[in-house]
file work-v7.cif (mmCIF, C-alpha atoms, pLDDT in the B column; chains and numbers go by the auth columns)
data_my_file
loop_
_atom_site.group_PDB
_atom_site.id
_atom_site.type_symbol
_atom_site.label_atom_id
_atom_site.label_comp_id
_atom_site.label_asym_id
_atom_site.label_seq_id
_atom_site.Cartn_x
_atom_site.Cartn_y
_atom_site.Cartn_z
_atom_site.B_iso_or_equiv
_atom_site.auth_seq_id
_atom_site.auth_asym_id
ATOM 1 C CA MET A 1 -28.424 -9.800 5.653 48.00 264 A
ATOM 2 C CA THR A 2 -28.385 -7.772 8.870 50.00 265 A
ATOM 3 C CA THR A 3 -26.402 -10.447 10.696 49.00 266 A
ATOM 4 C CA ASN A 4 -23.783 -10.578 7.942 57.00 267 A
ATOM 5 C CA THR A 5 -23.317 -6.794 8.044 56.00 268 A
ATOM 6 C CA ALA A 6 -23.140 -6.827 11.840 59.00 269 A
ATOM 7 C CA VAL A 7 -20.443 -9.514 11.767 59.00 270 A
ATOM 8 C CA LYS A 8 -18.354 -7.593 9.212 64.00 271 A
ATOM 9 C CA THR A 9 -18.834 -4.334 11.102 67.00 272 A
ATOM 10 C CA SER A 10 -17.856 -6.009 14.368 79.00 273 A
ATOM 11 C CA ALA A 11 -14.719 -7.572 12.861 88.00 274 A
ATOM 12 C CA TRP A 12 -13.549 -4.255 11.416 89.00 275 A
ATOM 13 C CA GLY A 13 -14.451 -2.485 14.650 88.00 276 A
ATOM 14 C CA GLU A 14 -12.256 -4.871 16.605 91.00 277 A
ATOM 15 C CA ARG A 15 -9.426 -4.451 14.118 92.00 278 A
ATOM 16 C CA VAL A 16 -9.659 -0.652 14.417 93.00 279 A
ATOM 17 C CA ARG A 17 -9.807 -0.754 18.229 93.00 280 A
ATOM 18 C CA THR A 18 -6.561 -2.740 18.358 95.00 281 A
ATOM 19 C CA LEU A 19 -4.874 0.259 16.698 97.00 282 A
ATOM 20 C CA ALA A 20 -5.662 2.565 19.652 97.00 283 A
ATOM 21 C CA PRO A 21 -2.242 2.248 21.364 97.00 284 A
ATOM 22 C CA ILE A 22 -0.239 3.062 18.242 97.00 285 A
ATOM 23 C CA ILE A 23 -2.595 5.904 17.289 97.00 286 A
ATOM 24 C CA ALA A 24 -2.158 7.349 20.800 97.00 287 A
ATOM 25 C CA GLN A 25 1.623 6.877 20.583 97.00 288 A
ATOM 26 C CA TRP A 26 1.883 8.941 17.369 97.00 289 A
ATOM 27 C CA ARG A 27 -0.905 11.494 17.978 95.00 290 A
ATOM 28 C CA ASP A 28 1.359 14.323 19.196 95.00 291 A
ATOM 29 C CA ALA A 29 3.960 13.721 16.480 96.00 292 A
ATOM 30 C CA GLY A 30 1.240 13.859 13.839 92.00 293 A
ATOM 31 C CA GLU A 31 -0.002 17.148 15.244 92.00 294 A
ATOM 32 C CA GLN A 32 3.512 18.599 15.239 95.00 295 A
ATOM 33 C CA GLU A 33 4.416 17.312 11.766 92.00 296 A
ATOM 34 C CA ARG A 34 0.956 18.233 10.396 91.00 297 A
ATOM 35 C CA HIS A 35 0.726 14.883 8.634 91.00 298 A
ATOM 36 C CA MET A 36 0.508 11.226 9.580 94.00 299 A
ATOM 37 C CA PRO A 37 3.839 9.847 10.873 96.00 300 A
ATOM 38 C CA ARG A 38 5.185 6.996 8.761 95.00 301 A
ATOM 39 C CA PRO A 39 5.066 4.342 11.544 96.00 302 A
ATOM 40 C CA LEU A 40 1.372 5.103 12.123 96.00 303 A
ATOM 41 C CA PHE A 41 0.664 4.963 8.396 95.00 304 A
ATOM 42 C CA GLU A 42 2.421 1.594 8.170 94.00 305 A
ATOM 43 C CA ALA A 43 0.399 0.229 11.106 96.00 306 A
ATOM 44 C CA LEU A 44 -2.835 1.339 9.435 95.00 307 A
ATOM 45 C CA CYS A 45 -1.723 -0.296 6.173 93.00 308 A
ATOM 46 C CA HIS A 46 -0.832 -3.510 7.981 93.00 309 A
ATOM 47 C CA ALA A 47 -4.297 -3.526 9.596 94.00 310 A
ATOM 48 C CA GLY A 48 -5.845 -3.085 6.150 92.00 311 A
ATOM 49 C CA VAL A 49 -7.847 0.056 6.895 94.00 312 A
ATOM 50 C CA PHE A 50 -6.774 1.778 3.680 93.00 313 A
ATOM 51 C CA ARG A 51 -8.229 -1.078 1.635 92.00 314 A
ATOM 52 C CA ILE A 52 -11.588 -1.228 3.393 94.00 315 A
ATOM 53 C CA SER A 53 -13.349 0.418 0.406 94.00 316 A
ATOM 54 C CA ALA A 54 -11.032 -0.737 -2.375 94.00 317 A
ATOM 55 C CA PRO A 55 -12.596 -3.156 -4.875 93.00 318 A
ATOM 56 C CA LYS A 56 -12.146 -6.878 -4.252 93.00 319 A
ATOM 57 C CA ALA A 57 -10.810 -7.207 -7.815 92.00 320 A
ATOM 58 C CA VAL A 58 -7.614 -5.432 -6.688 93.00 321 A
ATOM 59 C CA GLY A 59 -7.264 -6.989 -3.234 91.00 322 A
ATOM 60 C CA GLY A 60 -9.535 -4.648 -1.318 93.00 323 A
ATOM 61 C CA ALA A 61 -12.238 -5.508 1.192 93.00 324 A
ATOM 62 C CA GLU A 62 -14.982 -3.635 -0.708 93.00 325 A
ATOM 63 C CA GLY A 63 -16.703 -2.959 2.601 93.00 326 A
ATOM 64 C CA ASP A 64 -20.357 -2.041 2.780 92.00 327 A
ATOM 65 C CA GLU A 65 -21.256 1.524 3.767 92.00 328 A
ATOM 66 C CA GLU A 66 -22.182 0.706 7.372 92.00 329 A
ATOM 67 C CA THR A 67 -18.906 -1.101 7.997 93.00 330 A
ATOM 68 C CA VAL A 68 -16.788 1.621 6.408 95.00 331 A
ATOM 69 C CA LEU A 69 -18.556 4.430 8.272 94.00 332 A
ATOM 70 C CA GLN A 70 -18.290 2.596 11.590 94.00 333 A
ATOM 71 C CA ALA A 71 -14.552 2.006 11.092 95.00 334 A
ATOM 72 C CA ILE A 72 -13.997 5.678 10.215 96.00 335 A
ATOM 73 C CA GLU A 73 -16.086 6.757 13.206 95.00 336 A
ATOM 74 C CA ASP A 74 -14.072 4.516 15.545 95.00 337 A
ATOM 75 C CA LEU A 75 -10.771 5.815 14.153 97.00 338 A
ATOM 76 C CA SER A 76 -12.007 9.402 14.458 96.00 339 A
ATOM 77 C CA ARG A 77 -12.776 8.876 18.140 95.00 340 A
ATOM 78 C CA GLN A 78 -9.135 7.873 18.615 96.00 341 A
ATOM 79 C CA ASP A 79 -7.735 10.723 16.507 97.00 342 A
ATOM 80 C CA GLY A 80 -9.781 12.949 14.230 96.00 343 A
ATOM 81 C CA SER A 81 -6.990 13.340 11.691 95.00 344 A
ATOM 82 C CA VAL A 82 -6.570 9.572 11.358 97.00 345 A
ATOM 83 C CA GLY A 83 -10.293 9.185 10.723 96.00 346 A
ATOM 84 C CA TRP A 84 -10.164 12.035 8.207 95.00 347 A
ATOM 85 C CA ASN A 85 -7.246 10.472 6.272 94.00 348 A
ATOM 86 C CA VAL A 86 -8.907 7.058 6.179 96.00 349 A
ATOM 87 C CA MET A 87 -12.166 8.691 5.028 95.00 350 A
ATOM 88 C CA ILE A 88 -10.367 10.464 2.165 93.00 351 A
ATOM 89 C CA ALA A 89 -8.618 7.238 1.128 93.00 352 A
ATOM 90 C CA SER A 90 -11.911 5.365 1.374 94.00 353 A
ATOM 91 C CA ASN A 91 -13.834 7.867 -0.740 92.00 354 A
ATOM 92 C CA THR A 92 -11.160 7.991 -3.416 92.00 355 A
ATOM 93 C CA ALA A 93 -11.035 4.173 -3.510 93.00 356 A
ATOM 94 C CA ILE A 94 -14.794 4.136 -4.131 93.00 357 A
ATOM 95 C CA ALA A 95 -14.355 6.667 -6.945 92.00 358 A
ATOM 96 C CA ALA A 96 -11.476 4.628 -8.408 93.00 359 A
ATOM 97 C CA ALA A 97 -13.772 1.608 -8.646 94.00 360 A
ATOM 98 C CA TYR A 98 -15.490 3.386 -11.557 94.00 361 A
ATOM 99 C CA LEU A 99 -12.293 3.443 -13.618 93.00 362 A
ATOM 100 C CA PRO A 100 -11.992 1.063 -16.571 94.00 363 A
ATOM 101 C CA ALA A 101 -10.563 -2.298 -15.441 95.00 364 A
ATOM 102 C CA ALA A 102 -7.096 -1.697 -16.915 95.00 365 A
ATOM 103 C CA ALA A 103 -6.810 1.720 -15.254 94.00 366 A
ATOM 104 C CA LEU A 104 -7.992 0.306 -11.932 95.00 367 A
ATOM 105 C CA ARG A 105 -5.336 -2.419 -12.099 94.00 368 A
ATOM 106 C CA GLU A 106 -2.700 0.234 -12.859 95.00 369 A
ATOM 107 C CA VAL A 107 -3.720 2.311 -9.843 95.00 370 A
ATOM 108 C CA TYR A 108 -3.622 -0.712 -7.536 94.00 371 A
ATOM 109 C CA ARG A 109 -0.516 -2.387 -8.993 92.00 372 A
ATOM 110 C CA GLY A 110 1.221 -1.458 -5.726 85.00 373 A
ATOM 111 C CA GLY A 111 -1.069 -3.854 -3.886 80.00 374 A
ATOM 112 C CA PRO A 112 -3.845 -3.468 -1.348 67.00 375 A
ATOM 113 C CA SER A 113 -1.954 -0.828 0.649 78.00 376 A
ATOM 114 C CA THR A 114 -2.299 1.608 -2.264 91.00 377 A
ATOM 115 C CA VAL A 115 -3.591 4.953 -1.007 94.00 378 A
ATOM 116 C CA ILE A 116 -5.285 7.563 -3.165 93.00 379 A
ATOM 117 C CA ALA A 117 -5.543 11.026 -1.651 91.00 380 A
ATOM 118 C CA GLY A 118 -6.403 14.521 -2.733 85.00 381 A
ATOM 119 C CA ALA A 119 -9.241 16.952 -3.039 80.00 382 A
ATOM 120 C CA LEU A 120 -12.516 15.913 -4.604 76.00 383 A
ATOM 121 C CA LEU A 121 -13.880 19.452 -4.955 81.00 384 A
ATOM 122 C CA PRO A 122 -13.377 20.342 -8.636 84.00 385 A
ATOM 123 C CA LYS A 123 -10.848 23.173 -8.635 88.00 386 A
ATOM 124 C CA GLY A 124 -9.379 22.609 -12.079 91.00 387 A
ATOM 125 C CA ALA A 125 -10.334 22.435 -15.711 95.00 388 A
ATOM 126 C CA ALA A 126 -9.839 19.340 -17.863 94.00 389 A
ATOM 127 C CA ILE A 127 -9.426 20.466 -21.453 95.00 390 A
ATOM 128 C CA PRO A 128 -9.826 17.724 -24.088 96.00 391 A
ATOM 129 C CA VAL A 129 -6.697 17.146 -26.164 97.00 392 A
ATOM 130 C CA PRO A 130 -5.762 14.256 -28.467 96.00 393 A
ATOM 131 C CA GLY A 131 -5.252 11.186 -26.284 93.00 394 A
ATOM 132 C CA GLY A 132 -6.741 12.607 -23.085 92.00 395 A
ATOM 133 C CA PHE A 133 -6.993 15.867 -21.188 93.00 396 A
ATOM 134 C CA ARG A 134 -4.777 18.770 -20.212 94.00 397 A
ATOM 135 C CA LEU A 135 -5.386 19.770 -16.622 91.00 398 A
ATOM 136 C CA THR A 136 -5.062 23.288 -15.379 91.00 399 A
ATOM 137 C CA GLY A 137 -5.962 24.653 -11.972 90.00 400 A
ATOM 138 C CA ARG A 138 -4.929 24.919 -8.391 88.00 401 A
ATOM 139 C CA TRP A 139 -5.801 22.502 -5.633 83.00 402 A
ATOM 140 C CA PRO A 140 -4.877 24.344 -2.425 78.00 403 A
ATOM 141 C CA PHE A 141 -5.147 21.388 -0.056 78.00 404 A
ATOM 142 C CA ALA A 142 -4.718 17.656 -0.568 84.00 405 A
ATOM 143 C CA SER A 143 -5.595 15.533 2.425 84.00 406 A
ATOM 144 C CA GLY A 144 -3.358 12.508 2.810 88.00 407 A
ATOM 145 C CA CYS A 145 -0.775 13.621 0.247 90.00 408 A
ATOM 146 C CA HIS A 146 2.211 12.546 2.372 91.00 409 A
ATOM 147 C CA GLN A 147 1.303 8.867 2.281 91.00 410 A
ATOM 148 C CA ALA A 148 -0.452 8.675 -1.093 93.00 411 A
ATOM 149 C CA ASN A 149 0.605 6.558 -4.040 92.00 412 A
ATOM 150 C CA TRP A 150 -1.854 8.475 -6.235 94.00 413 A
ATOM 151 C CA MET A 151 -3.345 11.964 -6.059 90.00 414 A
ATOM 152 C CA ALA A 152 -6.863 12.945 -7.107 87.00 415 A
ATOM 153 C CA GLY A 153 -7.469 16.436 -8.381 85.00 416 A
ATOM 154 C CA ALA A 154 -11.079 16.755 -9.453 86.00 417 A
ATOM 155 C CA SER A 155 -11.673 18.959 -12.481 90.00 418 A
ATOM 156 C CA ALA A 156 -14.554 20.125 -14.611 93.00 419 A
ATOM 157 C CA VAL A 157 -14.368 18.830 -18.177 94.00 420 A
ATOM 158 C CA MET A 158 -14.450 21.781 -20.556 93.00 421 A
ATOM 159 C CA ALA A 159 -16.157 21.353 -23.903 82.00 422 A
#
call {"tool": "encode", "arguments": {"input": "work-v7.cif", "output": "structure tokens"}}
result
Amino acid sequence: MTTNTAVKTSAWGERVRTLAPIIAQWRDAGEQERHMPRPLFEALCHAGVFRISAPKAVGGAEGDEETVLQAIEDLSRQDGSVGWNVMIASNTAIAAAYLPAAALREVYRGGPSTVIAGALLPKGAAIPVPGGFRLTGRWPFASGCHQANWMAGASAVMA
């Protein structure tokens, strides 16, 4: 078991390290724009880092915790904001795995480069209504919103 994890971690680590030149190339632009530049986002998608935690059922890698954390740590060494965005996408992909199968397929119908972003701190209220919920609230910050296909806005379900 340890060897298998080490091999997966090493493979992802190498993949992440090959991104260093493009991350360095776009670092200043990202700082100025205050979000990830599109060419950097596309390079990260192409390398598969946004699908590291996505379920295998929808084309993700479903990486184990050690592998995912090591990849995020390596990306963060290169650029903290890149690591942060990949961490948010990774955490929301893990949360999405708990959706019913049909909903999960809908979220990932865009393929393995689907990115879910947002704020996981519950800032809203989900009020039950026929057929679902009515959300109300304010989410003041949504990490990764510029490149996201889906947004997460955690809410407390009101009885």
call {"tool": "resolve_selection", "arguments": {"input": "work-v7.cif", "expression": "the PyMOL selection byres ((chain A and resi 285) around 12)", "output": "ChimeraX atom specification"}}
result
/A:279-284,286-293,299-307,310,338,341-342,345
call {"tool": "residues_near_point", "arguments": {"input": "work-v7.cif", "point": "(-14.8, -1.6, -0.8)", "cutoff": "7 Å", "atoms": "all atoms listed in the file", "output": "ChimeraX atom specification"}}
result
/A:315-319,323-327,357
call {"tool": "resolve_selection", "arguments": {"input": "work-v7.cif", "expression": "the PyMOL selection byres ((chain A and resi 387) around 12)", "output": "list in words"}}
result
Ala382, Leu383, Leu384, Pro385, Lys386, Ala388, Ala389, Ile390, Phe396, Arg397, Leu398, Thr399, Gly400, Arg401, Trp402, Pro403, Ala415, Gly416, Ala417, Ser418, Ala419, Val420 and Met421 of chain A
call {"tool": "atom_distance", "arguments": {"input": "work-v7.cif", "atom1": "atom CA of A:Ile379", "atom2": "atom CA of A:Ala359"}}
result
8.6 Å
call {"tool": "atom_distance", "arguments": {"input": "work-v7.cif", "atom1": "atom CA of A:Ala334", "atom2": "atom CA of A:Ala364"}}
result
27.2 Å
call {"tool": "atom_distance", "arguments": {"input": "work-v7.cif", "atom1": "atom CA of A:Gly407", "atom2": "atom CA of A:Gly346"}}
result
11.0 Å
call {"tool": "closest_residue", "arguments": {"input": "work-v7.cif", "among": "A:Trp413, A:Trp275, A:Phe313, A:Phe404", "to": "A:Ala352", "atoms": "only C-alpha atoms"}}
result
A:Phe313
call {"tool": "residues_near_point", "arguments": {"input": "work-v7.cif", "point": "(2.6, 10.5, -1.9)", "cutoff": "10 Å", "atoms": "only C-alpha atoms", "output": "list in words"}}
result
Val378, Ile379, Ala380, Gly381, Gly407, Cys408, His409, Gln410, Ala411, Asn412, Trp413 and Met414 of chain A
call {"tool": "write_last_selection", "arguments": {"input": "work-v7.cif", "atoms": "C-alpha atoms", "output": "PDB file, in the coordinates of the input"}}
result
ATOM      1  CA  VAL A 378      -3.591   4.953  -1.007  1.00 94.00           C
ATOM      2  CA  ILE A 379      -5.285   7.563  -3.165  1.00 93.00           C
ATOM      3  CA  ALA A 380      -5.543  11.026  -1.651  1.00 91.00           C
ATOM      4  CA  GLY A 381      -6.403  14.521  -2.733  1.00 85.00           C
ATOM      5  CA  GLY A 407      -3.358  12.508   2.810  1.00 88.00           C
ATOM      6  CA  CYS A 408      -0.775  13.621   0.247  1.00 90.00           C
ATOM      7  CA  HIS A 409       2.211  12.546   2.372  1.00 91.00           C
ATOM      8  CA  GLN A 410       1.303   8.867   2.281  1.00 91.00           C
ATOM      9  CA  ALA A 411      -0.452   8.675  -1.093  1.00 93.00           C
ATOM     10  CA  ASN A 412       0.605   6.558  -4.040  1.00 92.00           C
ATOM     11  CA  TRP A 413      -1.854   8.475  -6.235  1.00 94.00           C
ATOM     12  CA  MET A 414      -3.345  11.964  -6.059  1.00 90.00           C
TER      13      MET A 414
END
call {"tool": "closest_residue", "arguments": {"input": "work-v7.cif", "among": "A:Ala320, A:Thr377, A:Arg314, A:Arg297", "to": "A:Ser353", "atoms": "all atoms listed in the file"}}
result
A:Arg314
call {"tool": "decode", "arguments": {"input": "work-v7.cif", "residues": "stretch 314-336 of chain A", "atoms": "N, CA and C atoms", "output": "PDB file, in the first residue's frame"}}
result
ATOM      1  N   ARG A 314      -8.673  17.859 -11.747  1.00  0.00           N
ATOM      2  CA  ARG A 314      -9.440  16.620 -11.607  1.00  0.00           C
ATOM      3  C   ARG A 314      -8.787  15.636 -10.638  1.00  0.00           C
ATOM      4  N   ILE A 315      -7.770  16.091  -9.923  1.00  0.00           N
ATOM      5  CA  ILE A 315      -7.057  15.193  -9.022  1.00  0.00           C
ATOM      6  C   ILE A 315      -7.971  14.592  -7.955  1.00  0.00           C
ATOM      7  N   SER A 316      -8.969  15.339  -7.486  1.00  0.00           N
ATOM      8  CA  SER A 316      -9.886  14.825  -6.454  1.00  0.00           C
ATOM      9  C   SER A 316     -11.252  14.439  -6.993  1.00  0.00           C
ATOM     10  N   ALA A 317     -11.503  14.712  -8.261  1.00  0.00           N
ATOM     11  CA  ALA A 317     -12.812  14.381  -8.837  1.00  0.00           C
ATOM     12  C   ALA A 317     -12.986  12.864  -8.885  1.00  0.00           C
ATOM     13  N   PRO A 318     -14.210  12.394  -8.714  1.00  0.00           N
ATOM     14  CA  PRO A 318     -14.472  10.950  -8.728  1.00  0.00           C
ATOM     15  C   PRO A 318     -14.109  10.304 -10.073  1.00  0.00           C
ATOM     16  N   LYS A 319     -13.621   9.079 -10.000  1.00  0.00           N
ATOM     17  CA  LYS A 319     -13.284   8.331 -11.213  1.00  0.00           C
ATOM     18  C   LYS A 319     -14.506   8.150 -12.109  1.00  0.00           C
ATOM     19  N   ALA A 320     -15.683   8.054 -11.511  1.00  0.00           N
ATOM     20  CA  ALA A 320     -16.920   7.838 -12.273  1.00  0.00           C
ATOM     21  C   ALA A 320     -17.189   8.945 -13.285  1.00  0.00           C
ATOM     22  N   VAL A 321     -16.572  10.130 -13.078  1.00  0.00           N
ATOM     23  CA  VAL A 321     -16.787  11.247 -14.004  1.00  0.00           C
ATOM     24  C   VAL A 321     -15.475  11.688 -14.661  1.00  0.00           C
ATOM     25  N   GLY A 322     -14.500  10.786 -14.700  1.00  0.00           N
ATOM     26  CA  GLY A 322     -13.246  11.068 -15.384  1.00  0.00           C
ATOM     27  C   GLY A 322     -12.151  11.669 -14.524  1.00  0.00           C
ATOM     28  N   GLY A 323     -12.387  11.721 -13.220  1.00  0.00           N
ATOM     29  CA  GLY A 323     -11.378  12.272 -12.322  1.00  0.00           C
ATOM     30  C   GLY A 323     -10.349  11.245 -11.914  1.00  0.00           C
ATOM     31  N   ALA A 324      -9.329  11.703 -11.204  1.00  0.00           N
ATOM     32  CA  ALA A 324      -8.270  10.810 -10.725  1.00  0.00           C
ATOM     33  C   ALA A 324      -8.591  10.207  -9.365  1.00  0.00           C
ATOM     34  N   GLU A 325      -9.518  10.843  -8.631  1.00  0.00           N
ATOM     35  CA  GLU A 325      -9.900  10.394  -7.287  1.00  0.00           C
ATOM     36  C   GLU A 325      -8.657  10.088  -6.449  1.00  0.00           C
ATOM     37  N   GLY A 326      -7.756  11.074  -6.405  1.00  0.00           N
ATOM     38  CA  GLY A 326      -6.496  10.900  -5.699  1.00  0.00           C
ATOM     39  C   GLY A 326      -6.661  10.713  -4.204  1.00  0.00           C
ATOM     40  N   ASP A 327      -5.755   9.953  -3.623  1.00  0.00           N
ATOM     41  CA  ASP A 327      -5.769   9.773  -2.174  1.00  0.00           C
ATOM     42  C   ASP A 327      -5.285  11.067  -1.505  1.00  0.00           C
ATOM     43  N   GLU A 328      -5.568  11.204  -0.226  1.00  0.00           N
ATOM     44  CA  GLU A 328      -5.289  12.447   0.492  1.00  0.00           C
ATOM     45  C   GLU A 328      -3.822  12.863   0.425  1.00  0.00           C
ATOM     46  N   GLU A 329      -2.918  11.910   0.591  1.00  0.00           N
ATOM     47  CA  GLU A 329      -1.485  12.237   0.571  1.00  0.00           C
ATOM     48  C   GLU A 329      -1.067  12.813  -0.783  1.00  0.00           C
ATOM     49  N   THR A 330      -1.536  12.202  -1.840  1.00  0.00           N
ATOM     50  CA  THR A 330      -1.201  12.654  -3.188  1.00  0.00           C
ATOM     51  C   THR A 330      -1.753  14.052  -3.450  1.00  0.00           C
ATOM     52  N   VAL A 331      -3.010  14.260  -3.100  1.00  0.00           N
ATOM     53  CA  VAL A 331      -3.645  15.558  -3.324  1.00  0.00           C
ATOM     54  C   VAL A 331      -2.931  16.643  -2.524  1.00  0.00           C
ATOM     55  N   LEU A 332      -2.677  16.391  -1.248  1.00  0.00           N
ATOM     56  CA  LEU A 332      -2.011  17.393  -0.415  1.00  0.00           C
ATOM     57  C   LEU A 332      -0.605  17.702  -0.908  1.00  0.00           C
ATOM     58  N   GLN A 333       0.112  16.688  -1.354  1.00  0.00           N
ATOM     59  CA  GLN A 333       1.466  16.910  -1.871  1.00  0.00           C
ATOM     60  C   GLN A 333       1.430  17.753  -3.140  1.00  0.00           C
ATOM     61  N   ALA A 334       0.474  17.480  -4.028  1.00  0.00           N
ATOM     62  CA  ALA A 334       0.358  18.263  -5.262  1.00  0.00           C
ATOM     63  C   ALA A 334       0.029  19.722  -4.942  1.00  0.00           C
ATOM     64  N   ILE A 335      -0.901  19.942  -4.012  1.00  0.00           N
ATOM     65  CA  ILE A 335      -1.265  21.302  -3.621  1.00  0.00           C
ATOM     66  C   ILE A 335      -0.083  21.997  -2.960  1.00  0.00           C
ATOM     67  N   GLU A 336       0.644  21.288  -2.133  1.00  0.00           N
ATOM     68  CA  GLU A 336       1.832  21.860  -1.483  1.00  0.00           C
ATOM     69  C   GLU A 336       2.877  22.259  -2.525  1.00  0.00           C
TER      70      GLU A 336
END
